[in-house]
Amino acid sequence: MTPTPHTPKTQEALDARDALATALTQAGIQLPAMDIRTPWADDRKAEAQYALVHLGACSAPVALLLADVILKGIAG
């Protein structure tokens with residue numbers, strides 16, 4: 001897999017991914033497949049206009065933990 005080019009938008013996505021991973025780790029949750037993706041994976045020469053944080057797949061127990069943390073956050 002060719003690495004995603006480093007642009008301001010990919011850096012923004014990397015920073016967001018890292019912040020989310022840190023917050024999840026503090027809540028006892030790990031999403032091991034987290035990565036970033038640009039919408040045009042086949043065109044590596046174009047500068048990314050935006051990049052997406054790809055959360056990847058997770059097991060049912062991890063999804064339940066994530067739902068619990070979100071609901072606790074909503075409840076205050």
# chains A, B, ... in the order shown; residues from 1 in each chain; ligands from 1

$ residues_around --residues "Leu66 in chain A" --least-positions-apart "5" --cutoff "9 Å" --atoms "only C-alpha atoms" --output "ChimeraX atom specification"
/A:24,27,29,61,71

$ write_last_selection --atoms "N, CA and C atoms" --output "PDB file, in the first residue's frame"
ATOM      1  N   LEU A  24     -10.108   7.330  23.313  1.00  0.00           N
ATOM      2  CA  LEU A  24     -10.629   5.971  23.436  1.00  0.00           C
ATOM      3  C   LEU A  24      -9.778   5.135  24.385  1.00  0.00           C
ATOM      4  N   ALA A  27     -10.595   5.745  27.813  1.00  0.00           N
ATOM      5  CA  ALA A  27     -11.882   5.136  28.167  1.00  0.00           C
ATOM      6  C   ALA A  27     -11.795   3.611  28.168  1.00  0.00           C
ATOM      7  N   ILE A  29     -10.828   1.673  25.543  1.00  0.00           N
ATOM      8  CA  ILE A  29     -11.256   1.132  24.252  1.00  0.00           C
ATOM      9  C   ILE A  29     -10.125   1.282  23.238  1.00  0.00           C
ATOM     10  N   PRO A  61     -18.155  -6.682  21.381  1.00  0.00           N
ATOM     11  CA  PRO A  61     -17.898  -6.148  22.723  1.00  0.00           C
ATOM     12  C   PRO A  61     -17.299  -4.741  22.704  1.00  0.00           C
ATOM     13  N   LEU A  71     -22.955   7.091  25.581  1.00  0.00           N
ATOM     14  CA  LEU A  71     -24.163   7.357  26.361  1.00  0.00           C
ATOM     15  C   LEU A  71     -23.848   7.979  27.714  1.00  0.00           C
TER      16      LEU A  71
END

$ select_by_dssp --residues "chain A" --states "strand (DSSP E or B)" --output "list in words"
Asp35, Ile36, Arg37, Leu52, Val53 and His54 of chain A

$ residues_around --residues "Leu20 in chain A" --least-positions-apart "5" --cutoff "12 Å" --atoms "only C-alpha atoms" --output "ChimeraX atom specification"
/A:13-15,25-27,29-32,34-35,53-55,66

$ select_by_dssp --residues "range 6-51 of chain A" --states "helix (DSSP H, G or I)" --output "JSON, numbers by chain"
{"A": [8, 9, 10, 11, 12, 13, 14, 15, 16, 17, 18, 19, 20, 21, 22, 23, 24, 25, 26]}

$ write_last_selection --atoms "N, CA, C and O atoms" --output "compact mmCIF listing (two decimals), in the first residue's frame"
# COMPACT_ATOMS: atom_id res chain seq x y z
N PRO A 8 -1.68 19.42 4.35
CA PRO A 8 -2.36 19.96 5.54
C PRO A 8 -3.62 19.18 5.91
O PRO A 8 -3.90 18.97 7.09
N LYS A 9 -4.37 18.74 4.92
CA LYS A 9 -5.61 18.00 5.21
C LYS A 9 -5.32 16.60 5.75
O LYS A 9 -6.01 16.12 6.63
N THR A 10 -4.28 15.95 5.23
CA THR A 10 -3.96 14.63 5.78
C THR A 10 -3.38 14.78 7.18
O THR A 10 -3.65 13.95 8.05
N GLN A 11 -2.64 15.85 7.44
CA GLN A 11 -2.12 16.09 8.79
C GLN A 11 -3.28 16.34 9.76
O GLN A 11 -3.27 15.84 10.89
N GLU A 12 -4.28 17.09 9.31
CA GLU A 12 -5.46 17.32 10.13
C GLU A 12 -6.14 16.00 10.49
O GLU A 12 -6.52 15.78 11.64
N ALA A 13 -6.26 15.10 9.51
CA ALA A 13 -6.88 13.79 9.76
C ALA A 13 -6.01 12.95 10.69
O ALA A 13 -6.53 12.24 11.56
N LEU A 14 -4.69 12.99 10.51
CA LEU A 14 -3.79 12.25 11.40
C LEU A 14 -3.93 12.75 12.84
O LEU A 14 -3.99 11.96 13.78
N ASP A 15 -3.97 14.07 13.01
CA ASP A 15 -4.13 14.66 14.35
C ASP A 15 -5.46 14.25 14.97
O ASP A 15 -5.52 13.92 16.16
N ALA A 16 -6.52 14.25 14.16
CA ALA A 16 -7.84 13.85 14.66
C ALA A 16 -7.84 12.37 15.05
O ALA A 16 -8.38 11.99 16.10
N ARG A 17 -7.22 11.54 14.21
CA ARG A 17 -7.12 10.11 14.52
C ARG A 17 -6.39 9.89 15.83
O ARG A 17 -6.83 9.12 16.69
N ASP A 18 -5.28 10.58 16.01
CA ASP A 18 -4.48 10.41 17.22
C ASP A 18 -5.24 10.90 18.46
O ASP A 18 -5.18 10.27 19.51
N ALA A 19 -5.95 12.02 18.33
CA ALA A 19 -6.73 12.54 19.47
C ALA A 19 -7.85 11.57 19.84
O ALA A 19 -8.09 11.31 21.02
N LEU A 20 -8.51 11.01 18.82
CA LEU A 20 -9.57 10.04 19.09
C LEU A 20 -9.00 8.77 19.71
O LEU A 20 -9.56 8.24 20.68
N ALA A 21 -7.87 8.31 19.21
CA ALA A 21 -7.25 7.11 19.77
C ALA A 21 -6.86 7.33 21.23
O ALA A 21 -7.06 6.45 22.07
N THR A 22 -6.35 8.51 21.55
CA THR A 22 -5.99 8.83 22.93
C THR A 22 -7.22 8.84 23.83
O THR A 22 -7.21 8.25 24.91
N ALA A 23 -8.29 9.48 23.36
CA ALA A 23 -9.52 9.53 24.16
C ALA A 23 -10.10 8.14 24.36
O ALA A 23 -10.53 7.79 25.46
N LEU A 24 -10.11 7.33 23.31
CA LEU A 24 -10.63 5.97 23.44
C LEU A 24 -9.78 5.14 24.39
O LEU A 24 -10.31 4.38 25.20
N THR A 25 -8.47 5.29 24.29
CA THR A 25 -7.57 4.55 25.18
C THR A 25 -7.84 4.92 26.64
O THR A 25 -7.88 4.05 27.51
N GLN A 26 -8.07 6.21 26.91
CA GLN A 26 -8.38 6.64 28.27
C GLN A 26 -9.69 6.06 28.76
O GLN A 26 -9.89 5.88 29.96

$ closest_residue --among "A:Asp68, A:His6, A:Gly73, A:Ala33" --to "Gln49 in chain A" --atoms "only C-alpha atoms"
A:His6

$ atom_distance --atom1 "CA of Ile36 in chain A" --atom2 "CA of Cys58 in chain A"
16.1 Å

$ atom_distance --atom1 "CA of Pro39 in chain A" --atom2 "CA of Leu52 in chain A"
7.6 Å
